[in-house]
file work_10.tsv (TSV, C-alpha atoms)
chain	number	residue	atom	x	y	z
A	1	MET	CA	6.25	0.38	-29.29
A	2	LYS	CA	3.83	-0.13	-26.39
A	3	THR	CA	4.60	2.36	-23.64
A	4	LEU	CA	3.17	2.92	-20.17
A	5	ILE	CA	4.05	6.12	-18.33
A	6	ILE	CA	3.32	6.14	-14.60
A	7	VAL	CA	3.09	9.67	-13.12
A	8	ARG	CA	2.76	10.76	-9.52
A	9	HIS	CA	0.53	13.83	-9.23
A	10	ALA	CA	2.32	17.12	-8.57
A	11	ASN	CA	2.44	18.90	-5.19
A	12	ALA	CA	-0.93	19.62	-3.56
A	13	LEU	CA	-2.15	21.93	-0.85
A	14	SER	CA	-3.04	20.42	2.50
A	15	GLY	CA	-6.74	20.16	3.28
A	16	TRP	CA	-6.36	22.95	5.81
A	17	GLU	CA	-4.58	25.27	3.32
A	18	ALA	CA	-7.16	24.54	0.64
A	19	ARG	CA	-10.06	24.84	3.12
A	20	VAL	CA	-11.67	21.67	1.80
A	21	ASN	CA	-13.50	18.95	3.68
A	22	THR	CA	-12.05	15.84	2.02
A	23	ASP	CA	-8.71	14.62	0.76
A	24	ALA	CA	-10.25	14.16	-2.71
A	25	GLU	CA	-10.81	17.92	-3.01
A	26	ARG	CA	-7.20	18.99	-2.40
A	27	PRO	CA	-5.97	21.00	-5.42
A	28	LEU	CA	-2.45	21.49	-6.70
A	29	SER	CA	-0.42	24.11	-4.90
A	30	PRO	CA	1.17	26.97	-6.88
A	31	GLU	CA	4.39	24.90	-6.79
A	32	GLY	CA	2.39	21.88	-7.98
A	33	ILE	CA	0.91	23.78	-10.91
A	34	GLN	CA	4.44	24.70	-11.99
A	35	LYS	CA	5.70	21.13	-11.43
A	36	ALA	CA	2.83	19.64	-13.45
A	37	ALA	CA	3.77	21.96	-16.33
A	38	GLN	CA	7.42	20.86	-16.05
A	39	THR	CA	6.39	17.21	-16.06
A	40	ALA	CA	4.24	17.81	-19.13
A	41	GLN	CA	7.15	19.50	-20.92
A	42	ALA	CA	9.47	16.62	-19.98
A	43	LEU	CA	6.97	14.16	-21.49
A	44	LYS	CA	6.73	16.32	-24.62
A	45	ALA	CA	10.52	16.39	-24.89
A	46	ARG	CA	10.48	12.57	-24.86
A	47	ALA	CA	7.93	12.68	-27.74
A	48	ILE	CA	5.24	11.02	-25.62
A	49	ALA	CA	1.90	11.05	-27.47
A	50	PRO	CA	-0.62	9.12	-25.38
A	51	ASP	CA	-3.64	7.33	-26.74
A	52	ILE	CA	-5.26	7.94	-23.35
A	53	ILE	CA	-4.45	9.55	-20.01
A	54	LEU	CA	-5.89	7.59	-17.11
A	55	THR	CA	-6.12	9.44	-13.82
A	56	SER	CA	-7.23	9.05	-10.27
A	57	PRO	CA	-10.47	11.00	-9.77
A	58	LEU	CA	-8.91	12.99	-6.89
A	59	LEU	CA	-8.60	16.67	-7.84
A	60	ARG	CA	-4.80	16.97	-7.60
A	61	ALA	CA	-4.33	14.01	-9.96
A	62	VAL	CA	-6.99	15.29	-12.37
A	63	GLN	CA	-5.31	18.72	-12.47
A	64	THR	CA	-1.95	17.06	-13.19
A	65	ALA	CA	-3.53	14.96	-15.96
A	66	GLU	CA	-5.23	18.02	-17.47
A	67	THR	CA	-1.93	19.89	-17.61
A	68	ILE	CA	-0.29	16.90	-19.30
A	69	SER	CA	-3.18	16.57	-21.77
A	70	GLN	CA	-2.95	20.26	-22.69
A	71	THR	CA	0.74	19.79	-23.52
A	72	VAL	CA	0.98	16.35	-25.15
A	73	GLY	CA	-2.65	15.67	-26.08
A	74	GLY	CA	-4.72	12.63	-25.32
A	75	PRO	CA	-8.18	12.21	-23.82
A	76	ILE	CA	-8.53	11.88	-20.05
A	77	SER	CA	-10.40	9.07	-18.31
A	78	LYS	CA	-10.98	9.18	-14.54
A	79	GLU	CA	-10.42	5.73	-13.05
A	80	THR	CA	-11.24	4.94	-9.42
A	81	VAL	CA	-8.71	2.10	-9.42
A	82	LEU	CA	-5.94	4.76	-9.54
A	83	ASN	CA	-7.10	6.58	-6.38
A	84	GLY	CA	-4.35	5.02	-4.25
A	85	LEU	CA	-6.74	2.88	-2.20
A	86	HIS	CA	-6.80	-0.23	-4.39
A	87	ALA	CA	-4.46	-3.19	-4.09
A	88	ASP	CA	-1.26	-2.75	-6.07
A	89	ARG	CA	-1.81	-6.00	-7.99
A	90	GLU	CA	-5.32	-4.86	-8.94
A	91	VAL	CA	-3.85	-1.64	-10.34
A	92	CYS	CA	-1.21	-3.63	-12.25
A	93	GLU	CA	-3.88	-5.88	-13.77
A	94	PHE	CA	-5.94	-2.85	-14.78
A	95	LEU	CA	-2.93	-1.15	-16.41
A	96	ALA	CA	-1.78	-4.35	-18.15
A	97	ASN	CA	-5.28	-4.68	-19.63
A	98	GLN	CA	-5.08	-1.08	-20.83
A	99	MET	CA	-1.78	-1.89	-22.54
A	100	GLN	CA	-3.52	-4.61	-24.53
A	101	GLU	CA	-5.93	-1.98	-25.89
A	102	HIS	CA	-3.59	1.01	-26.38
A	103	ASN	CA	-0.06	1.70	-27.57
A	104	THR	CA	0.76	4.59	-25.23
A	105	VAL	CA	-0.91	5.11	-21.87
A	106	ILE	CA	-0.21	7.69	-19.17
A	107	ALA	CA	-1.49	6.80	-15.70
A	108	VAL	CA	-1.58	9.54	-13.03
A	109	GLY	CA	-1.84	8.33	-9.46
A	110	HIS	CA	-0.66	8.63	-5.87
A	111	ASN	CA	2.24	7.51	-3.75
A	112	PRO	CA	2.99	4.94	-2.42
A	113	ASN	CA	0.76	3.12	-4.94
A	114	VAL	CA	2.71	4.37	-7.98
A	115	ALA	CA	6.03	3.23	-6.46
A	116	TYR	CA	4.67	-0.23	-5.62
A	117	VAL	CA	3.11	-0.64	-9.07
A	118	LEU	CA	6.40	0.33	-10.72
A	119	HIS	CA	8.20	-2.21	-8.53
A	120	LEU	CA	5.75	-4.97	-9.44
A	121	PHE	CA	6.18	-4.25	-13.14
A	122	SER	CA	9.93	-3.58	-13.29
A	123	LYS	CA	11.36	-5.20	-10.12
A	124	GLU	CA	13.08	-1.86	-9.43
A	125	ILE	CA	12.59	0.47	-6.49
A	126	HIS	CA	12.38	4.23	-7.05
A	127	HIS	CA	11.26	7.16	-4.91
A	128	PHE	CA	8.41	8.99	-6.66
A	129	ALA	CA	8.71	12.67	-5.83
A	130	PRO	CA	5.62	14.73	-6.76
A	131	GLY	CA	5.48	15.10	-10.53
A	132	SER	CA	8.05	12.37	-11.25
A	133	PHE	CA	7.36	9.68	-13.83
A	134	ALA	CA	8.48	6.29	-15.07
A	135	VAL	CA	8.44	5.09	-18.67
A	136	LEU	CA	7.94	1.37	-19.23
A	137	ASN	CA	8.38	-0.50	-22.51
A	138	PHE	CA	5.41	-2.89	-22.64
A	139	GLU	CA	6.31	-4.82	-25.80
A	140	ASN	CA	6.50	-7.95	-23.65
A	141	LEU	CA	3.33	-7.73	-21.54
A	142	HIS	CA	4.71	-10.25	-19.05
A	143	HIS	CA	8.07	-8.51	-18.57
A	144	PRO	CA	7.81	-4.72	-18.99
A	145	GLN	CA	11.14	-2.91	-19.01
A	146	LEU	CA	11.80	0.40	-17.25
A	147	THR	CA	13.43	2.69	-19.83
A	148	TYR	CA	13.34	6.00	-17.92
A	149	PHE	CA	12.71	7.33	-14.45
A	150	GLY	CA	12.92	10.98	-13.48
A	151	GLU	CA	11.25	14.28	-12.91
call {"tool": "encode", "arguments": {"input": "work_10.tsv", "output": "structure tokens"}}
result
Amino acid sequence: MKTLIIVRHANALSGWEARVNTDAERPLSPEGIQKAAQTAQALKARAIAPDIILTSPLLRAVQTAETISQTVGGPISKETVLNGLHADREVCEFLANQMQEHNTVIAVGHNPNVAYVLHLFSKEIHHFAPGSFAVLNFENLHHPQLTYFGE
């Protein structure tokens, strides 16, 4: 089965707390490190074995992706299109193309982009708390079906 998992990065420190100069440098908070591990375990419990983990290049998303990769496996690829600044339809096209090449893809990104992308794919509206994820069945590339949403 072709499966796309959309993940919102876990909780991050503010720029001030992290003492960094740019939003891209904000790391996960201690709570976020724990949440990323919980998300990874939840994916493992669902027997998710990704062919690839695509992630925004922003540090908090990369750290979330690395935690997931350490738990469920899969190589990581940093993709600028997932940085939360690209048009939602552009992100959808990118992910749909990835689904033509892979059977199971995890994409780690940012809110509100992840919520809008999920809506465009599934026609459902969900609130993406940090570390939450959606599982989409992509057998029909033109009509993906949401099969799970949670934390």
call {"tool": "residues_around", "arguments": {"input": "work_10.tsv", "residues": "Leu118 (chain A)", "least_positions_apart": "6", "cutoff": "9 Å", "atoms": "all atoms listed in the file", "output": "ChimeraX atom specification"}}
result
/A:6,92,124-126,134,136,146
call {"tool": "residues_around", "arguments": {"input": "work_10.tsv", "residues": "Thr147 (chain A)", "least_positions_apart": "2", "cutoff": "7 Å", "atoms": "all atoms listed in the file", "output": "tab-separated table (two decimals) with C-alpha atoms, in the frame of the given file"}}
result
chain	number	residue	atom	x	y	z
A	135	VAL	CA	8.44	5.09	-18.67
A	136	LEU	CA	7.94	1.37	-19.23
A	137	ASN	CA	8.38	-0.50	-22.51
A	145	GLN	CA	11.14	-2.91	-19.01
call {"tool": "residues_around", "arguments": {"input": "work_10.tsv", "residues": "region 51-64 of chain A", "least_positions_apart": "2", "cutoff": "8 Å", "atoms": "all atoms listed in the file", "output": "JSON, numbers by chain"}}
result
{"A": [8, 9, 10, 11, 12, 23, 24, 25, 26, 27, 28, 33, 36, 49, 66, 67, 68, 69, 74, 75, 76, 77, 78, 79, 80, 81, 82, 83, 84, 102, 103, 104, 105, 106, 107, 108, 109, 110]}
call {"tool": "residues_around", "arguments": {"input": "work_10.tsv", "residues": "Glu93 (chain A)", "least_positions_apart": "3", "cutoff": "12 Å", "atoms": "all atoms listed in the file", "output": "PDB file with C-alpha atoms, in the coordinates of the input"}}
result
ATOM      1  CA  VAL A  81      -8.710   2.100  -9.420  1.00  0.00           C
ATOM      2  CA  LEU A  82      -5.940   4.760  -9.540  1.00  0.00           C
ATOM      3  CA  HIS A  86      -6.800  -0.230  -4.390  1.00  0.00           C
ATOM      4  CA  ALA A  87      -4.460  -3.190  -4.090  1.00  0.00           C
ATOM      5  CA  ASP A  88      -1.260  -2.750  -6.070  1.00  0.00           C
ATOM      6  CA  ARG A  89      -1.810  -6.000  -7.990  1.00  0.00           C
ATOM      7  CA  GLU A  90      -5.320  -4.860  -8.940  1.00  0.00           C
ATOM      8  CA  ALA A  96      -1.780  -4.350 -18.150  1.00  0.00           C
ATOM      9  CA  ASN A  97      -5.280  -4.680 -19.630  1.00  0.00           C
ATOM     10  CA  GLN A  98      -5.080  -1.080 -20.830  1.00  0.00           C
ATOM     11  CA  MET A  99      -1.780  -1.890 -22.540  1.00  0.00           C
ATOM     12  CA  GLN A 100      -3.520  -4.610 -24.530  1.00  0.00           C
ATOM     13  CA  VAL A 117       3.110  -0.640  -9.070  1.00  0.00           C
ATOM     14  CA  LEU A 120       5.750  -4.970  -9.440  1.00  0.00           C
ATOM     15  CA  PHE A 121       6.180  -4.250 -13.140  1.00  0.00           C
ATOM     16  CA  LEU A 141       3.330  -7.730 -21.540  1.00  0.00           C
ATOM     17  CA  HIS A 142       4.710 -10.250 -19.050  1.00  0.00           C
TER      18      HIS A 142
END
call {"tool": "closest_residue", "arguments": {"input": "work_10.tsv", "among": "A:Ile48, A:Val91, A:Val7, A:Ala42", "to": "Val72 (chain A)", "atoms": "all atoms listed in the file"}}
result
A:Ile48
call {"tool": "atom_distance", "arguments": {"input": "work_10.tsv", "atom1": "CA of Lys35 (chain A)", "atom2": "CA of Ala129 (chain A)"}}
result
10.6 Å
call {"tool": "atom_distance", "arguments": {"input": "work_10.tsv", "atom1": "CA of Lys2 (chain A)", "atom2": "CA of Tyr116 (chain A)"}}
result
20.8 Å
call {"tool": "build_atoms", "arguments": {"input": "work_10.tsv", "residues": "region 89-106 of chain A", "atoms": "N, CA, C and O atoms", "output": "mmCIF file, in the coordinates of the input"}}
result
data_model
loop_
_atom_site.group_PDB
_atom_site.id
_atom_site.type_symbol
_atom_site.label_atom_id
_atom_site.label_comp_id
_atom_site.auth_asym_id
_atom_site.auth_seq_id
_atom_site.Cartn_x
_atom_site.Cartn_y
_atom_site.Cartn_z
ATOM 1 N N ARG A 89 -1.653 -5.000 -6.929
ATOM 2 C CA ARG A 89 -1.810 -6.000 -7.990
ATOM 3 C C ARG A 89 -3.060 -5.714 -8.836
ATOM 4 O O ARG A 89 -3.057 -5.931 -10.038
ATOM 5 N N GLU A 90 -4.110 -5.231 -8.205
ATOM 6 C CA GLU A 90 -5.320 -4.860 -8.940
ATOM 7 C C GLU A 90 -5.019 -3.719 -9.916
ATOM 8 O O GLU A 90 -5.481 -3.727 -11.061
ATOM 9 N N VAL A 91 -4.232 -2.757 -9.467
ATOM 10 C CA VAL A 91 -3.850 -1.640 -10.340
ATOM 11 C C VAL A 91 -2.989 -2.159 -11.491
ATOM 12 O O VAL A 91 -3.189 -1.769 -12.646
ATOM 13 N N CYS A 92 -2.054 -3.052 -11.191
ATOM 14 C CA CYS A 92 -1.210 -3.630 -12.250
ATOM 15 C C CYS A 92 -2.048 -4.360 -13.288
ATOM 16 O O CYS A 92 -1.812 -4.214 -14.490
ATOM 17 N N GLU A 93 -3.008 -5.145 -12.839
ATOM 18 C CA GLU A 93 -3.880 -5.880 -13.770
ATOM 19 C C GLU A 93 -4.666 -4.901 -14.644
ATOM 20 O O GLU A 93 -4.791 -5.106 -15.861
ATOM 21 N N PHE A 94 -5.194 -3.854 -14.032
ATOM 22 C CA PHE A 94 -5.940 -2.850 -14.780
ATOM 23 C C PHE A 94 -5.041 -2.209 -15.842
ATOM 24 O O PHE A 94 -5.438 -2.096 -17.010
ATOM 25 N N LEU A 95 -3.830 -1.800 -15.455
ATOM 26 C CA LEU A 95 -2.930 -1.150 -16.410
ATOM 27 C C LEU A 95 -2.459 -2.110 -17.495
ATOM 28 O O LEU A 95 -2.357 -1.734 -18.671
ATOM 29 N N ALA A 96 -2.181 -3.356 -17.141
ATOM 30 C CA ALA A 96 -1.780 -4.350 -18.150
ATOM 31 C C ALA A 96 -2.903 -4.553 -19.163
ATOM 32 O O ALA A 96 -2.646 -4.671 -20.377
ATOM 33 N N ASN A 97 -4.146 -4.564 -18.703
ATOM 34 C CA ASN A 97 -5.280 -4.680 -19.630
ATOM 35 C C ASN A 97 -5.362 -3.468 -20.546
ATOM 36 O O ASN A 97 -5.668 -3.596 -21.737
ATOM 37 N N GLN A 98 -5.082 -2.289 -20.007
ATOM 38 C CA GLN A 98 -5.080 -1.080 -20.830
ATOM 39 C C GLN A 98 -4.003 -1.157 -21.910
ATOM 40 O O GLN A 98 -4.202 -0.681 -23.028
ATOM 41 N N MET A 99 -2.883 -1.771 -21.574
ATOM 42 C CA MET A 99 -1.780 -1.890 -22.540
ATOM 43 C C MET A 99 -2.118 -2.854 -23.669
ATOM 44 O O MET A 99 -1.519 -2.791 -24.728
ATOM 45 N N GLN A 100 -3.076 -3.731 -23.451
ATOM 46 C CA GLN A 100 -3.520 -4.610 -24.530
ATOM 47 C C GLN A 100 -4.385 -3.841 -25.523
ATOM 48 O O GLN A 100 -4.457 -4.207 -26.684
ATOM 49 N N GLU A 101 -5.022 -2.767 -25.054
ATOM 50 C CA GLU A 101 -5.930 -1.980 -25.890
ATOM 51 C C GLU A 101 -5.278 -0.752 -26.529
ATOM 52 O O GLU A 101 -5.773 -0.254 -27.531
ATOM 53 N N HIS A 102 -4.205 -0.248 -25.923
ATOM 54 C CA HIS A 102 -3.590 1.010 -26.380
ATOM 55 C C HIS A 102 -2.089 0.831 -26.571
ATOM 56 O O HIS A 102 -1.478 -0.043 -25.975
ATOM 57 N N ASN A 103 -1.516 1.712 -27.382
ATOM 58 C CA ASN A 103 -0.060 1.700 -27.570
ATOM 59 C C ASN A 103 0.664 2.539 -26.538
ATOM 60 O O ASN A 103 1.739 2.167 -26.082
ATOM 61 N N THR A 104 0.103 3.698 -26.191
ATOM 62 C CA THR A 104 0.760 4.590 -25.230
ATOM 63 C C THR A 104 -0.274 5.069 -24.221
ATOM 64 O O THR A 104 -1.268 5.693 -24.585
ATOM 65 N N VAL A 105 -0.007 4.766 -22.954
ATOM 66 C CA VAL A 105 -0.910 5.110 -21.870
ATOM 67 C C VAL A 105 -0.132 5.889 -20.815
ATOM 68 O O VAL A 105 0.968 5.499 -20.434
ATOM 69 N N ILE A 106 -0.718 6.989 -20.346
ATOM 70 C CA ILE A 106 -0.210 7.690 -19.170
ATOM 71 C C ILE A 106 -1.189 7.415 -18.048
ATOM 72 O O ILE A 106 -2.405 7.544 -18.228
#
